[in-house]
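Working notes for the structure below.
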Amino acid sequence: MYLYNSLTRKIEEFKPLKPQEVNIYVCGLTVYDFAHIGNMRSYSNSDFLKRTLLYLGYKVNHVMNITDVGHLTGDDDSGEDKLEKQAKKTKKTVWEVAEFYTDFFLKTLKELNILLPDVLSKATDHIPEMVAFIKKLEEKGFTYETNEAVYFDVSKFKGYGKLSGQKLEEKLKGAREEVYVDPKKKHPADFALWFKRIGRFANHQMHWESPWGEGFPGWHIECSAMSMKYLGQTIDIHAGGVDHLAVHHEDEIAQSEALTGKQFVNYWFHNNFLLVENQKMSKSLGNFFTIEDTQKKGIDPLALRLLFLQTHYRSMMNFTWDSAKGSNEALNKLKEQVVMLRKQTDRTTLSQEKYKKIEEYRDRFIAAISNDLQTSAAVAIMWEMLKSNVPSPDKLDLLLEFDQVFGLKLAEVEEEKIPEDIVKLAEERQQMRVEKRYEETDRLRKEIESKGYTVEDTPEGFRIKRLK
Ligand SMILES: [Zn+2]
């Protein structure tokens, strides 16, 4: 298996710490709003990675967090807590906001057939771990305290900037002046580990006791604390959106490695952005589509998966409704193939040539996914295989095997049950057709169509299909 590592900016051979076992941490959602199409792509991509590892025979230990406190509207510790802001807007408690959007997020993952993590950890369930973490950093001299917060002092950590490749001086230039920043903060890249319930946060609903007074954790500390609690001081893979690389993940590295003196993550896996109809997603454009929005337009969530497979995870993807519809049709074709292949059960003894062909398709598939998840190539190999002269039962076996990575639930495809009255009408129509009573034949076809079905005449007889 070869994976691109954002830390080294190279494709590297993947070598887990323990043979055949992978510890993976995926940055979860901040639950202040609906999971949208960009999130759907991101979590589908980390799911393709997980499924690939499983398919290749690794045991996967997967942890994902839910950020329900401390994520401010500005990544530079400026602004308000995203959840508190939404609570004010909707006149709900922060806890209600968190629960509501967590449920929606989990429902979205389920619809997309994303394998759930072994541990789903909420930030608010891990305050003691975070406080202990910060205390240790304090003891080691990596922090300083102001009236408003406890900060991580980036100047004390030598490796700061190694993930993004940005120098500290560049970060200084990037500091914004129009937003409120704690005047006692020494460097713009220093980041809050703990916010006190003071000043702009005097009315913060979520707060806990700590050695630095009542308050709440900063955003980044949760991922380090939870990753270490469940997966150990050094993990194999940490996945997340590329938008988190420069601040969130850089800060995770700094605080984790300051604490342990060991490398925090061996492979950083970053998803690229998604555009909607060539535009950046934004509130004002109203293009933050949710799973429900796509379902209302008749798009099967699994067709979205198939669509996501077509763009490499490190490339920007442009989502369009046309491409989603196209993918829906492709998925339907795939399902029809499954139904058809299932009926052709005669398993003949394989000729040497056909046996070789099957092996070749499997090898090419493995080569594609093992090469930094070349998913679109893997999908192309699947279509090619389906068109080949490989015997049907073997085709079906191979298709279902590939689907362990694609996750399109092809093994669960059921042949659509046609209601009995429709079958009767079709049989009657067939009889009329044989008797060349075309007026009757036509009338019966219209009747069938008025009930949402259509009938096709084939050399083997008639075939009933549901009208789309
Ligand atoms: Zn994170």
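Following the order of the structure tokens, first chain is A, next is B, and so on, with residues numbered from 1 inside each chain and ligands from 1 in the order they appear.
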
Fewer than 5 positions away in the same chain doesn't count, so skip those; otherwise give me all residues within 6 Å of Gly240 of chain A, counting only C-alpha atoms, as a ChimeraX atom specification. /A:26-27,270

Within 10 Å of Ala368 of chain A, counting only C-alpha atoms, which residues show up once you throw out same-chain ones fewer than 4 positions away? Write them as a short mmCIF file (atom, residue, chain, number, x, y, z; two decimals) with N, CA and C atoms, in the first residue's frame, please.
```cif
data_model
loop_
_atom_site.label_atom_id
_atom_site.label_comp_id
_atom_site.auth_asym_id
_atom_site.auth_seq_id
_atom_site.Cartn_x
_atom_site.Cartn_y
_atom_site.Cartn_z
N MET A 1 0.84 -1.20 0.00
CA MET A 1 0.00 0.00 0.00
C MET A 1 0.88 1.25 0.00
N ARG A 362 -8.47 -8.72 -10.71
CA ARG A 362 -8.28 -8.53 -9.26
C ARG A 362 -6.94 -7.82 -8.99
N ASP A 363 -5.91 -8.26 -9.66
CA ASP A 363 -4.59 -7.65 -9.47
C ASP A 363 -4.59 -6.16 -9.85
N ARG A 364 -5.26 -5.87 -10.96
CA ARG A 364 -5.30 -4.47 -11.40
C ARG A 364 -6.10 -3.61 -10.41
N ASP A 372 -2.19 4.90 -3.54
CA ASP A 372 -2.75 6.14 -3.02
C ASP A 372 -4.22 6.29 -3.40
N LEU A 373 -4.95 5.21 -3.32
CA LEU A 373 -6.40 5.19 -3.57
C LEU A 373 -6.79 5.76 -4.93
N GLN A 374 -6.34 5.10 -5.99
CA GLN A 374 -6.78 5.52 -7.33
C GLN A 374 -8.17 4.94 -7.56
N THR A 375 -9.16 5.58 -6.93
CA THR A 375 -10.51 5.00 -6.92
C THR A 375 -11.19 5.05 -8.29
N SER A 376 -10.95 6.10 -9.06
CA SER A 376 -11.65 6.17 -10.34
C SER A 376 -11.12 5.08 -11.28
N ALA A 377 -9.84 4.79 -11.18
CA ALA A 377 -9.28 3.69 -11.98
C ALA A 377 -9.91 2.37 -11.54
N ALA A 378 -10.11 2.22 -10.24
CA ALA A 378 -10.73 0.98 -9.73
C ALA A 378 -12.15 0.82 -10.26
N VAL A 379 -12.88 1.93 -10.34
CA VAL A 379 -14.25 1.87 -10.88
C VAL A 379 -14.21 1.51 -12.37
N ILE A 381 -11.99 -0.27 -13.89
CA ILE A 381 -11.66 -1.69 -14.00
C ILE A 381 -12.92 -2.54 -13.75
#
```

Throw together the list of residues within 7 Å of ligand 1, counting only C-alpha atoms and all ligand atoms, and drop it here as number ranges by chain. A: 27-28, 220, 223, 248-249

Shell around segment 441-444 of chain A at 8 Å using only C-alpha atoms, local window under 2 positions removed, as a list in words: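 Surrounding residues, per the criterion: Leu425, Ala426, Glu428, Arg429, Gln430, Met432, Arg433, Arg437, Tyr438, Glu439, Lys446, Glu447 and Ile448 of chain A.
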
Could you list, as a list in words, every residue within 9 Å of Gly74 of chain A, counting only C-alpha atoms and ignoring same-chain residues fewer than 6 positions away? Glu80, Asp81 and Val179 of chain A

Got a sec: who's within 10 Å of Lys184 of chain A, counting only C-alpha atoms, leaving out chain neighbours fewer than 6 positions off, as a list of chain:residue names? A:Tyr144, A:Glu145, A:Thr146, A:Asn147, A:Glu148, A:Ala149

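Minimum atom-to-atom distances from A:Asp300, A:Glu209, A:Asp33, A:Glu257 to Lys89 of chain A were compared using only C-alpha atoms, and the lowest value belongs to A:Asp33.
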
Sorted by chain and rising residue number, list the residues of segment 390-450 of chain A at most 10 Å from segment 53-69 of chain A (counting only C-alpha atoms), each with its closest atom pair and distance in Å to one decimal, as CSV.
```
residue,atom,partner,partner_atom,distance
A:Glu401,CA,A:Tyr55,CA,8.7
A:Phe402,CA,A:Tyr55,CA,8.8
A:Asp403,CA,A:Tyr55,CA,9.8
A:Gln404,CA,A:Tyr55,CA,6.7
A:Val405,CA,A:Tyr55,CA,6.7
```

Print the selection's residues with N, CA and C atoms to a file, as a compact mmCIF listing (two decimals), in the first residue's frame.
```
# COMPACT_ATOMS: atom_id res chain seq x y z
N GLU A 401 -16.72 -8.52 -4.43
CA GLU A 401 -15.42 -8.34 -3.76
C GLU A 401 -14.96 -6.88 -3.88
N PHE A 402 -15.05 -6.32 -5.08
CA PHE A 402 -14.67 -4.91 -5.27
C PHE A 402 -15.53 -4.00 -4.40
N ASP A 403 -16.78 -4.42 -4.23
CA ASP A 403 -17.71 -3.58 -3.48
C ASP A 403 -17.37 -3.50 -1.99
N GLN A 404 -16.50 -4.37 -1.52
CA GLN A 404 -16.03 -4.22 -0.14
C GLN A 404 -15.32 -2.88 0.02
N VAL A 405 -14.71 -2.41 -1.06
CA VAL A 405 -14.04 -1.11 -1.02
C VAL A 405 -15.01 0.01 -1.42
```
